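One file, run-v7.cif, carrying mmCIF, C-alpha atoms and all ligand atoms:
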data_run
loop_
_atom_site.group_PDB
_atom_site.id
_atom_site.type_symbol
_atom_site.label_atom_id
_atom_site.label_comp_id
_atom_site.auth_asym_id
_atom_site.auth_seq_id
_atom_site.Cartn_x
_atom_site.Cartn_y
_atom_site.Cartn_z
ATOM 1 C CA MET A 536 0.000 0.000 0.000
ATOM 2 C CA THR A 537 1.207 3.492 -0.842
ATOM 3 C CA ILE A 538 0.058 7.059 -0.413
ATOM 4 C CA GLU A 539 -0.982 8.391 -3.824
ATOM 5 C CA LYS A 540 -0.360 11.916 -5.035
ATOM 6 C CA SER A 541 -4.107 12.539 -5.020
ATOM 7 C CA GLN A 542 -4.113 11.746 -1.306
ATOM 8 C CA ILE A 543 -1.226 14.171 -0.728
ATOM 9 C CA LEU A 544 -3.271 16.879 -2.469
ATOM 10 C CA ASN A 545 -6.309 15.917 -0.376
ATOM 11 C CA TRP A 546 -4.127 16.135 2.717
ATOM 12 C CA LEU A 547 -2.953 19.680 1.971
ATOM 13 C CA ASN A 548 -6.517 20.765 1.198
ATOM 14 C CA SER A 549 -7.693 19.109 4.384
ATOM 15 C CA CYS A 550 -5.023 21.009 6.363
ATOM 16 C CA ALA A 551 -6.421 24.236 4.912
ATOM 17 C CA ASP A 552 -9.942 23.273 6.011
ATOM 18 C CA ILE A 553 -8.756 22.266 9.489
ATOM 19 C CA PHE A 554 -6.810 25.479 10.020
ATOM 20 C CA ALA A 555 -9.851 27.503 8.925
ATOM 21 C CA LYS A 556 -11.938 25.598 11.462
ATOM 22 C CA GLU A 557 -9.344 25.595 14.257
ATOM 23 C CA ARG A 558 -8.061 29.118 13.681
ATOM 24 C CA ASP A 559 -9.490 30.571 16.878
ATOM 25 C CA TYR A 560 -8.441 27.597 19.002
ATOM 26 C CA LEU A 561 -4.818 27.793 17.786
ATOM 27 C CA THR A 562 -4.823 31.543 18.237
ATOM 28 C CA GLN A 563 -6.099 31.102 21.796
ATOM 29 C CA LEU A 564 -3.258 28.674 22.557
ATOM 30 C CA ASP A 565 -0.859 31.303 21.218
ATOM 31 C CA ALA A 566 -2.609 34.024 23.269
ATOM 32 C CA ASP A 567 -1.710 32.035 26.394
ATOM 33 C CA ILE A 568 2.042 31.885 25.738
ATOM 34 C CA GLY A 569 2.738 33.986 22.623
ATOM 35 C CA ASP A 570 1.257 36.806 20.583
ATOM 36 C CA ALA A 571 -2.126 35.355 19.632
ATOM 37 C CA ASP A 572 -1.573 34.875 15.914
ATOM 38 C CA HIS A 573 -0.741 31.221 15.308
ATOM 39 C CA GLY A 574 -4.219 30.260 14.077
ATOM 40 C CA ILE A 575 -4.341 33.338 11.878
ATOM 41 C CA ASN A 576 -0.910 32.481 10.464
ATOM 42 C CA MET A 577 -1.757 28.845 9.706
ATOM 43 C CA ASN A 578 -5.131 29.765 8.234
ATOM 44 C CA ARG A 579 -3.619 32.387 5.946
ATOM 45 C CA GLY A 580 -0.727 30.177 4.889
ATOM 46 C CA PHE A 581 -2.798 27.134 4.018
ATOM 47 C CA GLU A 582 -5.462 29.152 2.209
ATOM 48 C CA ARG A 583 -2.636 30.263 -0.090
ATOM 49 C CA VAL A 584 -1.385 26.691 -0.382
ATOM 50 C CA LYS A 585 -4.881 25.530 -1.296
ATOM 51 C CA ASP A 586 -5.083 28.126 -4.090
ATOM 52 C CA LYS A 587 -1.576 27.440 -5.309
ATOM 53 C CA ILE A 588 -1.764 23.658 -5.575
ATOM 54 C CA THR A 589 -4.647 23.795 -8.023
ATOM 55 C CA THR A 590 -2.046 25.036 -10.527
ATOM 56 C CA ILE A 591 0.470 22.208 -9.921
ATOM 57 C CA GLU A 592 -1.733 19.132 -9.534
ATOM 58 C CA ASP A 593 -0.014 17.404 -12.441
ATOM 59 C CA GLN A 594 3.458 17.720 -10.878
ATOM 60 C CA ASP A 595 5.265 15.105 -8.749
ATOM 61 C CA ILE A 596 5.007 14.922 -4.943
ATOM 62 C CA GLY A 597 8.394 16.590 -4.459
ATOM 63 C CA THR A 598 7.323 19.604 -6.516
ATOM 64 C CA ILE A 599 4.029 19.791 -4.646
ATOM 65 C CA PHE A 600 5.849 19.871 -1.289
ATOM 66 C CA LYS A 601 8.410 22.356 -2.525
ATOM 67 C CA THR A 602 5.670 24.676 -3.773
ATOM 68 C CA THR A 603 3.815 24.268 -0.481
ATOM 69 C CA GLY A 604 6.967 25.271 1.399
ATOM 70 C CA MET A 605 7.682 28.282 -0.811
ATOM 71 C CA THR A 606 4.066 29.411 -0.464
ATOM 72 C CA LEU A 607 4.164 29.175 3.343
ATOM 73 C CA LEU A 608 7.519 30.927 3.408
ATOM 74 C CA SER A 609 6.213 33.847 1.377
ATOM 75 C CA SER A 610 2.750 34.194 2.929
ATOM 76 C CA VAL A 611 3.235 33.587 6.657
ATOM 77 C CA GLY A 612 5.286 35.893 8.822
ATOM 78 C CA GLY A 613 6.578 35.204 12.297
ATOM 79 C CA ALA A 614 8.370 32.060 13.340
ATOM 80 C CA SER A 615 6.016 29.465 11.958
ATOM 81 C CA GLY A 616 6.017 30.620 8.301
ATOM 82 C CA PRO A 617 9.755 30.162 7.724
ATOM 83 C CA LEU A 618 9.799 27.029 9.886
ATOM 84 C CA TYR A 619 6.901 25.234 8.192
ATOM 85 C CA GLY A 620 8.151 26.572 4.870
ATOM 86 C CA THR A 621 11.532 25.002 5.476
ATOM 87 C CA PHE A 622 9.853 21.816 6.675
ATOM 88 C CA PHE A 623 8.116 21.295 3.327
ATOM 89 C CA ILE A 624 11.023 22.449 1.194
ATOM 90 C CA ARG A 625 13.316 19.947 2.894
ATOM 91 C CA ALA A 626 10.625 17.260 2.910
ATOM 92 C CA ALA A 627 10.359 17.614 -0.861
ATOM 93 C CA ALA A 628 13.620 15.801 -1.643
ATOM 94 C CA ALA A 629 12.285 12.334 -0.816
ATOM 95 C CA GLY A 630 9.216 12.979 -2.955
ATOM 96 C CA ASN A 631 11.092 14.102 -6.046
ATOM 97 C CA GLY A 632 9.837 12.484 -9.223
ATOM 98 C CA LYS A 633 7.294 10.377 -7.302
ATOM 99 C CA GLN A 634 3.575 9.936 -7.923
ATOM 100 C CA SER A 635 3.175 7.858 -4.746
ATOM 101 C CA ILE A 636 5.139 7.257 -1.548
ATOM 102 C CA ASP A 637 5.536 4.293 0.779
ATOM 103 C CA LEU A 638 6.209 4.050 4.527
ATOM 104 C CA ASN A 639 9.956 4.441 3.998
ATOM 105 C CA ASP A 640 9.431 7.593 1.967
ATOM 106 C CA LEU A 641 7.036 9.067 4.513
ATOM 107 C CA CYS A 642 9.514 8.449 7.294
ATOM 108 C CA GLN A 643 12.248 10.130 5.250
ATOM 109 C CA ILE A 644 9.981 13.044 4.323
ATOM 110 C CA PHE A 645 9.068 13.888 7.924
ATOM 111 C CA SER A 646 12.587 13.217 9.179
ATOM 112 C CA ASP A 647 14.130 15.541 6.559
ATOM 113 C CA GLY A 648 11.393 18.089 7.280
ATOM 114 C CA VAL A 649 12.109 18.287 10.994
ATOM 115 C CA ASP A 650 15.865 18.345 10.334
ATOM 116 C CA GLY A 651 15.221 21.441 8.240
ATOM 117 C CA VAL A 652 13.261 23.070 11.056
ATOM 118 C CA VAL A 653 16.128 22.337 13.445
ATOM 119 C CA ALA A 654 18.708 23.705 10.994
ATOM 120 C CA ARG A 655 16.748 26.934 10.980
ATOM 121 C CA GLY A 656 15.416 27.205 14.532
ATOM 122 C CA LYS A 657 17.939 25.181 16.574
ATOM 123 C CA ALA A 658 15.292 23.541 18.757
ATOM 124 C CA GLN A 659 16.278 20.659 20.988
ATOM 125 C CA PRO A 660 14.016 17.926 22.347
ATOM 126 C CA GLY A 661 11.967 19.276 25.247
ATOM 127 C CA ASP A 662 12.159 22.932 24.132
ATOM 128 C CA LYS A 663 8.350 22.999 23.695
ATOM 129 C CA THR A 664 8.150 23.469 19.940
ATOM 130 C CA MET A 665 6.557 21.861 16.889
ATOM 131 C CA CYS A 666 9.674 19.687 16.692
ATOM 132 C CA ASP A 667 8.602 17.794 19.798
ATOM 133 C CA VAL A 668 5.672 16.475 17.759
ATOM 134 C CA TRP A 669 7.638 15.713 14.583
ATOM 135 C CA TRP A 670 10.339 13.814 16.471
ATOM 136 C CA THR A 671 7.707 11.703 18.241
ATOM 137 C CA VAL A 672 6.040 11.043 14.899
ATOM 138 C CA VAL A 673 9.277 10.065 13.130
ATOM 139 C CA GLU A 674 10.158 7.764 16.027
ATOM 140 C CA ALA A 675 6.763 6.065 15.735
ATOM 141 C CA LEU A 676 7.191 5.626 11.964
ATOM 142 C CA GLU A 677 10.670 4.123 12.487
ATOM 143 C CA LYS A 678 9.227 1.715 15.024
ATOM 144 C CA SER A 679 6.438 0.703 12.656
ATOM 145 C CA LYS A 680 9.012 0.078 9.937
ATOM 146 C CA ASP A 681 11.156 -2.041 12.259
ATOM 147 C CA GLU A 682 8.135 -4.067 13.338
ATOM 148 C CA GLY A 683 7.091 -4.635 9.740
ATOM 149 C CA GLN A 684 3.720 -2.935 10.163
ATOM 150 C CA ASP A 685 1.779 -2.038 7.055
ATOM 151 C CA LEU A 686 1.144 1.569 6.072
ATOM 152 C CA GLN A 687 -2.343 1.584 7.582
ATOM 153 C CA GLN A 688 -1.104 0.449 11.007
ATOM 154 C CA ALA A 689 1.832 2.851 10.801
ATOM 155 C CA LEU A 690 -0.456 5.804 10.103
ATOM 156 C CA VAL A 691 -2.694 4.945 13.042
ATOM 157 C CA ALA A 692 0.359 4.715 15.335
ATOM 158 C CA MET A 693 1.666 7.966 13.834
ATOM 159 C CA GLY A 694 -1.593 9.765 14.705
ATOM 160 C CA GLU A 695 -1.455 8.551 18.298
ATOM 161 C CA ALA A 696 2.200 9.575 18.545
ATOM 162 C CA SER A 697 1.355 13.092 17.374
ATOM 163 C CA GLU A 698 -1.245 13.434 20.140
ATOM 164 C CA LYS A 699 1.270 12.264 22.733
ATOM 165 C CA GLY A 700 3.916 14.613 21.348
ATOM 166 C CA ALA A 701 1.600 17.614 21.528
ATOM 167 C CA ALA A 702 0.328 16.743 25.019
ATOM 168 C CA ALA A 703 3.901 16.316 26.247
ATOM 169 C CA THR A 704 4.597 19.990 25.504
ATOM 170 C CA ILE A 705 2.161 21.042 28.254
ATOM 171 C CA GLU A 706 4.659 20.259 30.994
ATOM 172 C CA MET A 707 7.648 21.657 29.110
ATOM 173 C CA GLN A 708 9.191 25.069 29.666
ATOM 174 C CA ALA A 709 9.635 26.893 26.349
ATOM 175 C CA LYS A 710 13.239 27.444 25.340
ATOM 176 C CA LYS A 711 12.628 28.743 21.819
ATOM 177 C CA GLY A 712 10.365 31.343 20.246
ATOM 178 C CA ARG A 713 8.168 33.919 21.951
ATOM 179 C CA ALA A 714 6.928 31.516 24.613
ATOM 180 C CA SER A 715 10.478 31.311 25.990
ATOM 181 C CA TYR A 716 10.142 34.938 27.151
ATOM 182 C CA LEU A 717 7.655 33.675 29.741
ATOM 183 C CA GLY A 718 10.189 31.383 31.379
ATOM 184 C CA GLU A 719 8.476 29.075 33.880
ATOM 185 C CA ARG A 720 5.110 30.663 33.156
ATOM 186 C CA SER A 721 5.120 28.869 29.807
ATOM 187 C CA ILE A 722 4.634 25.599 31.720
ATOM 188 C CA GLY A 723 1.067 24.274 31.822
ATOM 189 C CA HIS A 724 0.090 25.289 28.279
ATOM 190 C CA GLN A 725 0.125 23.173 25.121
ATOM 191 C CA ASP A 726 2.427 24.660 22.506
ATOM 192 C CA PRO A 727 0.509 26.151 19.542
ATOM 193 C CA GLY A 728 2.992 24.983 16.891
ATOM 194 C CA ALA A 729 3.070 21.482 18.359
ATOM 195 C CA THR A 730 -0.726 21.518 18.184
ATOM 196 C CA SER A 731 -0.872 22.626 14.543
ATOM 197 C CA SER A 732 1.714 19.951 13.682
ATOM 198 C CA MET A 733 -0.415 17.322 15.420
ATOM 199 C CA MET A 734 -3.430 18.479 13.408
ATOM 200 C CA MET A 735 -1.480 18.089 10.165
ATOM 201 C CA VAL A 736 -0.315 14.601 11.100
ATOM 202 C CA LYS A 737 -3.799 13.451 12.070
ATOM 203 C CA ALA A 738 -5.184 14.970 8.873
ATOM 204 C CA LEU A 739 -2.845 12.790 6.825
ATOM 205 C CA ARG A 740 -3.906 9.704 8.756
ATOM 206 C CA ASP A 741 -7.564 10.551 8.250
ATOM 207 C CA VAL A 742 -7.153 11.179 4.516
ATOM 208 C CA VAL A 743 -5.378 7.872 3.927
ATOM 209 C CA VAL A 744 -6.920 5.547 6.537
ATOM 210 C CA GLY A 745 -10.367 7.128 6.364
HETATM 211 P P1 LIG B 1 5.293 33.772 16.164
HETATM 212 O O1 LIG B 1 5.808 33.146 17.435
HETATM 213 O O2 LIG B 1 6.362 34.446 15.409
HETATM 214 O O3 LIG B 1 4.088 34.617 16.412
HETATM 215 P P2 LIG B 1 3.580 31.580 15.432
HETATM 216 O O4 LIG B 1 2.734 32.032 16.565
HETATM 217 O O5 LIG B 1 2.888 31.392 14.137
HETATM 218 O O6 LIG B 1 4.824 32.548 15.224
HETATM 219 O O7 LIG B 1 4.260 30.176 15.786
HETATM 220 C C1 LIG B 1 4.681 29.879 17.081
HETATM 221 C C2 LIG B 1 5.167 28.439 17.121
HETATM 222 O O8 LIG B 1 6.365 28.319 16.376
HETATM 223 C C3 LIG B 1 5.505 27.933 18.500
HETATM 224 O O9 LIG B 1 4.365 27.455 19.165
HETATM 225 C C4 LIG B 1 6.548 26.852 18.242
HETATM 226 O O10 LIG B 1 5.951 25.582 18.085
HETATM 227 C C5 LIG B 1 7.141 27.269 16.920
HETATM 228 N N1 LIG B 1 8.504 27.752 17.103
HETATM 229 C C6 LIG B 1 8.917 28.963 17.506
HETATM 230 N N2 LIG B 1 10.260 29.042 17.506
HETATM 231 C C7 LIG B 1 10.710 27.827 17.106
HETATM 232 C C8 LIG B 1 12.013 27.242 16.885
HETATM 233 N N3 LIG B 1 13.131 27.944 17.093
HETATM 234 N N4 LIG B 1 12.075 25.970 16.456
HETATM 235 C C9 LIG B 1 10.953 25.256 16.226
HETATM 236 N N5 LIG B 1 9.717 25.746 16.410
HETATM 237 C C10 LIG B 1 9.589 27.000 16.846
HETATM 238 MG MG MG B 2 2.479 33.807 17.494
HETATM 239 MG MG MG B 3 3.600 36.515 15.596
#
Could you show the structure in this file as C-alpha cells?
Amino acid sequence: MTIEKSQILNWLNSCADIFAKERDYLTQLDADIGDADHGINMNRGFERVKDKITTIEDQDIGTIFKTTGMTLLSSVGGASGPLYGTFFIRAAAAGNGKQSIDLNDLCQIFSDGVDGVVARGKAQPGDKTMCDVWWTVVEALEKSKDEGQDLQQALVAMGEASEKGAAATIEMQAKKGRASYLGERSIGHQDPGATSSMMMVKALRDVVVG
C-alpha cells in the first residue's frame, strides 16, 4: 500500500480546512504563551497553499511539497512561516519524481522536514516546539518500519504519537520562540505549533486511513 499523489493533495486541502476551522483555538493557545496569531498564520498560509496547488496538480510529490513550502515561506510571517516553509522544502527531496510514496518515503519526508526546522530554529528535544511532535512522529514511523507494520497500522500509530507529542509539551518550559520569554510561566500550556503539527499529522492519517 502506498500514499498516492491525489491523497497528498487531499491532505494539503484538508489542512487548509482544518486550520480555517481551528483558527481561533490555535490563536487562543498562542494568546496564552505567545502573541495570539498562530491560528491566523496557519489559516492564511494554508489558504494560499490551497489556491496554489490547483495550478500544480499534475506535478510530482516533491514539486508539490516544494511549492507548499515556498508558499508558506512567502505568505506567513513570524516564526512558523519560515519554519513550516523550510519543513516542506526539505521534505520535498524524498518525494522528487514520485507519484506515490511508501512508509519508507514518509519516514524520510518527515525526518528531513524536521531536520530542516532544526537547521533553521535550533530547537532541541523538550524545548516545547513543533519539533517535539515531529520527532515523536518520526520515532513512531521508524518503530512501525522495524516491526514490519503495514502503512495503515503505521499511520494509526503515527496519529497517536502526534497526540502524545503535543500533550507532552504542556509540561515543558519553552526554550525557543516567543513563549520562551515567559520562562516558567510557559509551563502548563500546550504549545501552539506542536498543536498545529499534530493536526497536520492526524489529517494525513484521516485522509489515507479514512
Ligand atoms: P510567532 O511566534 O512568530 O508569532 P507563530 O505564533 O505562528 O509565530 O508560531 C509559534 C510556534 O512556532 C511555536 O508554538 C513553536 O511551536 C514554533 N517555534 C517557535 N520558535 C521555534 C524554533 N526555534 N524551532 C521550532 N519551532 C519553533
Ligand atoms: Mg504567534
Ligand atoms: Mg507573531
Quick one: residues within 10 Å of ligand MG 3 (chain B), with all atoms listed in the file, as a VMD selection string?
chain A and resid 565 569 to 573 575 to 576 611 to 616 712 to 713
Which polymer residues have any atom within 12 Å of an atom of segment 685-696 of chain A, counting only C-alpha atoms, with same-chain residues fewer than 4 positions away left out, as number ranges by chain?
A: 536-538, 636-642, 645, 667-681, 700-703, 729, 732-745
Evaluated on this file, the PyMOL selection byres (((chain A and resi 662) around 12) and not hetatm) picks out some residues - which ones are they, written as a ChimeraX atom specification?
/A:653,656-661,663-668,703-715,718,721-722,726,728-729
For the atom pair atom C7 of ligand LIG 1 (chain B) and atom CA of Ala628 of chain A, what is the interatomic distance in Å to one decimal place?
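Between atom C7 of ligand LIG 1 (chain B) and atom CA of Ala628 of chain A the gap is 22.5 Å.
With all atoms listed in the file as the atoms that count, the minimum distance from Val584 of chain A to the choices A:Ser697, A:Asp552, A:Leu618, A:Leu547 is reached by A:Leu547.
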Using only C-alpha atoms, which of A:Leu607, A:Ser731, A:Ser646, A:Glu698 sits nearest Tyr560 of chain A?
A:Ser731
Apply the PyMOL selection byres (((chain A and resi 623) around 8) and not hetatm) to the structure shown and report the selected residues as number ranges by chain.
A: 600-601, 603-604, 619-622, 624-627, 648
Report as JSON the centre and the edge lengths, in Å to one decimal, of the axis-aligned box holding every listed atom of ligand LIG 1 (chain B), padded by 4 Å on each side.
{"center_x": 7.9, "center_y": 29.9, "center_z": 16.7, "size_x": 18.4, "size_y": 17.4, "size_z": 13.0}
With all atoms listed in the file as the basis for distance, which of A:Ala566, A:Leu717, A:Ala654, A:Ala629 is at the shortest distance from Asp595 of chain A?
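Ranking A:Ala566, A:Leu717, A:Ala654, A:Ala629 by distance to Asp595 of chain A, first place goes to A:Ala629.
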Can you list what the PyMOL selection byres (((chain A and resi 548) around 12) and not hetatm) grabs from this structure, as number ranges by chain?
A: 541-547, 549-555, 578, 580-589, 592, 603, 735, 738-739, 742
Have a look at A:Ser635, A:Thr730, A:Thr598, A:Thr606 and name the one nearest to ligand LIG 1 (chain B); count all atoms listed in the file.
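Checking each candidate against ligand LIG 1 (chain B), we get A:Thr730 as the closest.
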How many Å lie between atom CA of Gln634 of chain A and atom CA of Glu539 of chain A, rounded to one decimal?
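We find that atom CA of Gln634 of chain A and atom CA of Glu539 of chain A lie 6.3 Å from each other.
With distances restricted to all atoms listed in the file, A:Pro727 is the closest residue to ligand LIG 1 (chain B) from A:Gln684, A:Pro727, A:Ile568, A:Leu561.
Minimum atom-to-atom distances from A:Glu682, A:Glu557, A:Glu719, A:Asp567 to ligand LIG 1 (chain B) were compared using all atoms listed in the file, and the lowest value belongs to A:Asp567.
Reported to one decimal place, the separation of atom CA of Val649 of chain A from atom CA of Ile599 of chain A is 17.7 Å.
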